[in-house]
Amino acid sequence: MNLLVLNLLLALAWMGFNADFSLGGFTAGFVLGHGVLWLGRPLYPTQRYFRVFWGSLGYFLWLLKEIVTSSLKVAASVLGFGEKVQPAVIAIPLDARTDLEITLLACSITLTPGTLTLDVAPDRKHLYVHAMFGGDAAALCAETKDSMERRILEVLR
Amino acid sequence: MLDQIAQAIVGILAVAGAFFCLVAALGVVRLPDALTRMHASSKAGTLGCGLVLLAVAIFFPGLDVVARVVAAILFLLLTTPVAAHMIGRAAYASGESPAAGTVRDDLADGPDNPRRRLLDKAGGR
């Protein structure tokens, strides 16, 4: 993650050289610095910066899309058309192990409407999720594991 | 021309945000129990606030406003799940929810039930 500091310093240097301390100046400096560091990838073979950076950006955009689509689903249900509300508490087995992985997964589940993380099992083997449309527990469990958890673990591991 | 397009986008975003806030309020009234109400209030509210904030950022395109909008949306996304998690867990542990009509409850009979853990802790002291 030292490359992130280096990238920020390059952006700062760019802002200094241009005497342009604005959002545009920072963005230009950051993009240029990112490109320069990317060209020098063979110099730091063990780094994970580029994968983590682009992975997190991609994950953030995917999460935004999920929030919008499932908000529409919840809104339709609240207004009386759309899927029938079938609340359920579902145990989802965890592949995530570290604090960061579990926290990110729990927060992502809570952020997408329709699902709400209630509790983490004390032995960290399960996540207890309250779902608004829990009619098909197995499908919901598989969907969370296949899309959300897989994406988080791909970025972090 | 560009100005009018920006105005139209601001209008659409503001109305969409207000719509999601209205749905959140309706959901709190219409849904059956505390946990399902959390779904409507915390989440639809986040999206509603986010959309209205975006509209503000486009309407006042200065750096100071945009920076504050970005910070506000970021902290909304960071704090909402933590609060929702704590309120939901407290609602479950207090025995309030889940209401009738719940199709499945993996937490009720297991050893991980927060209500039971709370009672054990209180009894053990």
# chains A, B, ... in the order shown; residues from 1 in each chain; ligands from 1

$ select_by_dssp --residues "stretch 18-139 of chain A" --states "strand (DSSP E or B)" --output "ChimeraX atom specification"
/A:86,88-93,115-120,126-131,133

$ write_last_selection --atoms "N, CA and C atoms" --output "short mmCIF file (atom, residue, chain, number, x, y, z; two decimals), in the first residue's frame"
data_model
loop_
_atom_site.label_atom_id
_atom_site.label_comp_id
_atom_site.auth_asym_id
_atom_site.auth_seq_id
_atom_site.Cartn_x
_atom_site.Cartn_y
_atom_site.Cartn_z
N GLN A 86 -41.81 -11.47 2.58
CA GLN A 86 -41.68 -12.71 3.34
C GLN A 86 -40.44 -12.62 4.21
N ALA A 88 -37.45 -13.27 6.71
CA ALA A 88 -36.81 -14.50 7.16
C ALA A 88 -35.43 -14.18 7.71
N VAL A 89 -35.01 -14.93 8.69
CA VAL A 89 -33.63 -14.83 9.18
C VAL A 89 -32.88 -16.04 8.65
N ILE A 90 -31.82 -15.76 7.88
CA ILE A 90 -31.12 -16.83 7.17
C ILE A 90 -29.67 -16.86 7.61
N ALA A 91 -29.16 -18.05 7.90
CA ALA A 91 -27.74 -18.20 8.24
C ALA A 91 -26.95 -18.41 6.96
N ILE A 92 -25.96 -17.55 6.72
CA ILE A 92 -25.13 -17.68 5.54
C ILE A 92 -23.74 -18.13 5.98
N PRO A 93 -23.28 -19.30 5.52
CA PRO A 93 -21.93 -19.75 5.91
C PRO A 93 -20.87 -18.81 5.34
N THR A 115 -31.88 -6.78 2.44
CA THR A 115 -31.14 -7.65 3.34
C THR A 115 -30.48 -6.82 4.43
N LEU A 116 -30.38 -7.40 5.64
CA LEU A 116 -29.87 -6.66 6.80
C LEU A 116 -29.08 -7.64 7.66
N THR A 117 -27.81 -7.34 7.90
CA THR A 117 -27.02 -8.22 8.75
C THR A 117 -27.45 -8.07 10.20
N LEU A 118 -27.89 -9.17 10.80
CA LEU A 118 -28.32 -9.09 12.20
C LEU A 118 -27.17 -9.37 13.14
N ASP A 119 -26.39 -10.43 12.86
CA ASP A 119 -25.40 -10.84 13.82
C ASP A 119 -24.33 -11.68 13.13
N VAL A 120 -23.13 -11.68 13.71
CA VAL A 120 -22.09 -12.61 13.30
C VAL A 120 -22.01 -13.68 14.38
N HIS A 126 -20.77 -18.25 10.57
CA HIS A 126 -22.00 -17.85 9.90
C HIS A 126 -22.26 -16.36 10.07
N LEU A 127 -23.04 -15.86 9.12
CA LEU A 127 -23.56 -14.51 9.21
C LEU A 127 -25.08 -14.65 9.23
N TYR A 128 -25.74 -14.02 10.21
CA TYR A 128 -27.20 -14.11 10.26
C TYR A 128 -27.79 -12.89 9.59
N VAL A 129 -28.54 -13.14 8.52
CA VAL A 129 -29.04 -12.05 7.68
C VAL A 129 -30.56 -12.05 7.71
N HIS A 130 -31.13 -10.88 7.96
CA HIS A 130 -32.58 -10.74 7.87
C HIS A 130 -32.92 -10.29 6.46
N ALA A 131 -33.75 -11.09 5.77
CA ALA A 131 -34.09 -10.76 4.39
C ALA A 131 -35.56 -10.41 4.29
N PHE A 133 -37.25 -10.53 1.36
CA PHE A 133 -37.85 -11.47 0.43
C PHE A 133 -37.15 -12.81 0.62
#

$ residues_around --residues "stretch 36-48 of chain B" --least-positions-apart "3" --cutoff "8 Å" --atoms "only C-alpha atoms" --output "number ranges by chain"
A: 67-68, 71, 74-75, 78, 87, 111-116, 132; B: 16-21, 23-25, 27-29, 31-33, 51-52, 76-77, 80, 84, 88

$ residues_around --residues "B:Val10" --least-positions-apart "5" --cutoff "7 Å" --atoms "only C-alpha atoms" --output "CSV table (one decimal) with C-alpha atoms, in the first residue's frame"
chain,number,residue,atom,x,y,z
B,55,ALA,CA,-28.6,17.2,-7.3
B,58,ILE,CA,-24.7,19.6,-9.8
B,59,PHE,CA,-26.7,22.7,-9.1

$ select_by_dssp --residues "chain B" --states "alpha helix (DSSP H)" --output "MDAnalysis selection string"
chainID B and resid 2:30 34:38 45:59 63:93 114:124

$ residues_around --residues "B:Gly95" --least-positions-apart "3" --cutoff "12 Å" --atoms "only C-alpha atoms" --output "list in words"
Asp33, Ala34, Leu35, Gly88, Arg89, Ala90, Ala91, Tyr92, Pro98, Ala99, Ala108, Asn113, Pro114, Arg115, Arg116, Leu118 and Leu119 of chain B

$ write_last_selection --atoms "C-alpha atoms" --output "mmCIF file, in the first residue's frame"
data_model
loop_
_atom_site.group_PDB
_atom_site.id
_atom_site.type_symbol
_atom_site.label_atom_id
_atom_site.label_comp_id
_atom_site.auth_asym_id
_atom_site.auth_seq_id
_atom_site.Cartn_x
_atom_site.Cartn_y
_atom_site.Cartn_z
ATOM 1 C CA ASP B 33 -42.482 -5.424 12.161
ATOM 2 C CA ALA B 34 -39.396 -3.525 13.357
ATOM 3 C CA LEU B 35 -36.910 -5.459 11.227
ATOM 4 C CA GLY B 88 -31.639 -4.602 14.090
ATOM 5 C CA ARG B 89 -29.701 -6.703 16.589
ATOM 6 C CA ALA B 90 -31.167 -4.774 19.511
ATOM 7 C CA ALA B 91 -34.671 -5.227 18.066
ATOM 8 C CA TYR B 92 -34.119 -8.968 17.739
ATOM 9 C CA PRO B 98 -39.558 -11.124 14.027
ATOM 10 C CA ALA B 99 -43.296 -10.805 13.702
ATOM 11 C CA ALA B 108 -34.284 -18.664 16.936
ATOM 12 C CA ASN B 113 -29.507 -16.238 19.387
ATOM 13 C CA PRO B 114 -28.530 -12.770 20.674
ATOM 14 C CA ARG B 115 -31.431 -12.797 23.119
ATOM 15 C CA ARG B 116 -30.243 -16.050 24.671
ATOM 16 C CA LEU B 118 -27.767 -11.673 26.494
ATOM 17 C CA LEU B 119 -29.754 -13.640 29.080
#

$ residues_around --residues "A:Met15" --least-positions-apart "3" --cutoff "9 Å" --atoms "only C-alpha atoms" --output "list in words"
Leu10, Ala11, Leu12, Asn18, Ala19, Asp20, Phe21, Ser22, Gly25, Phe26, Ala28 and Gly29 of chain A

$ residues_around --residues "stretch 150-156 of chain A" --least-positions-apart "6" --cutoff "10 Å" --atoms "only C-alpha atoms" --output "PyMOL selection string"
chain A and resi 48+51-59+62+95-97+100-102+104-105+108+144

$ atom_distance --atom1 "atom CA of A:Leu23" --atom2 "atom CA of A:Leu64"
22.9 Å

$ atom_distance --atom1 "atom CA of A:Leu94" --atom2 "atom CA of B:Asp105"
17.8 Å

$ residues_around --residues "B:Val82" --least-positions-apart "5" --cutoff "9 Å" --atoms "only C-alpha atoms" --output "short mmCIF file (atom, residue, chain, number, x, y, z; two decimals) with C-alpha atoms, in the first residue's frame"
data_model
loop_
_atom_site.label_atom_id
_atom_site.label_comp_id
_atom_site.auth_asym_id
_atom_site.auth_seq_id
_atom_site.Cartn_x
_atom_site.Cartn_y
_atom_site.Cartn_z
CA CYS A 107 -21.81 -3.72 5.70
CA THR A 110 -26.80 -4.15 5.08
CA ILE B 87 -30.69 -1.34 15.83
#

$ closest_residue --among "B:Val69, B:Gly62, B:Phe75, B:Asp120" --to "A:Gly24" --atoms "only C-alpha atoms"
B:Gly62

$ closest_residue --among "A:Gly80, A:Pro122, A:Gly135, A:Gly35" --to "B:Arg117" --atoms "only C-alpha atoms"
A:Pro122

$ atom_distance --atom1 "atom CA of A:Lys125" --atom2 "atom CA of B:Ala83"
22.8 Å
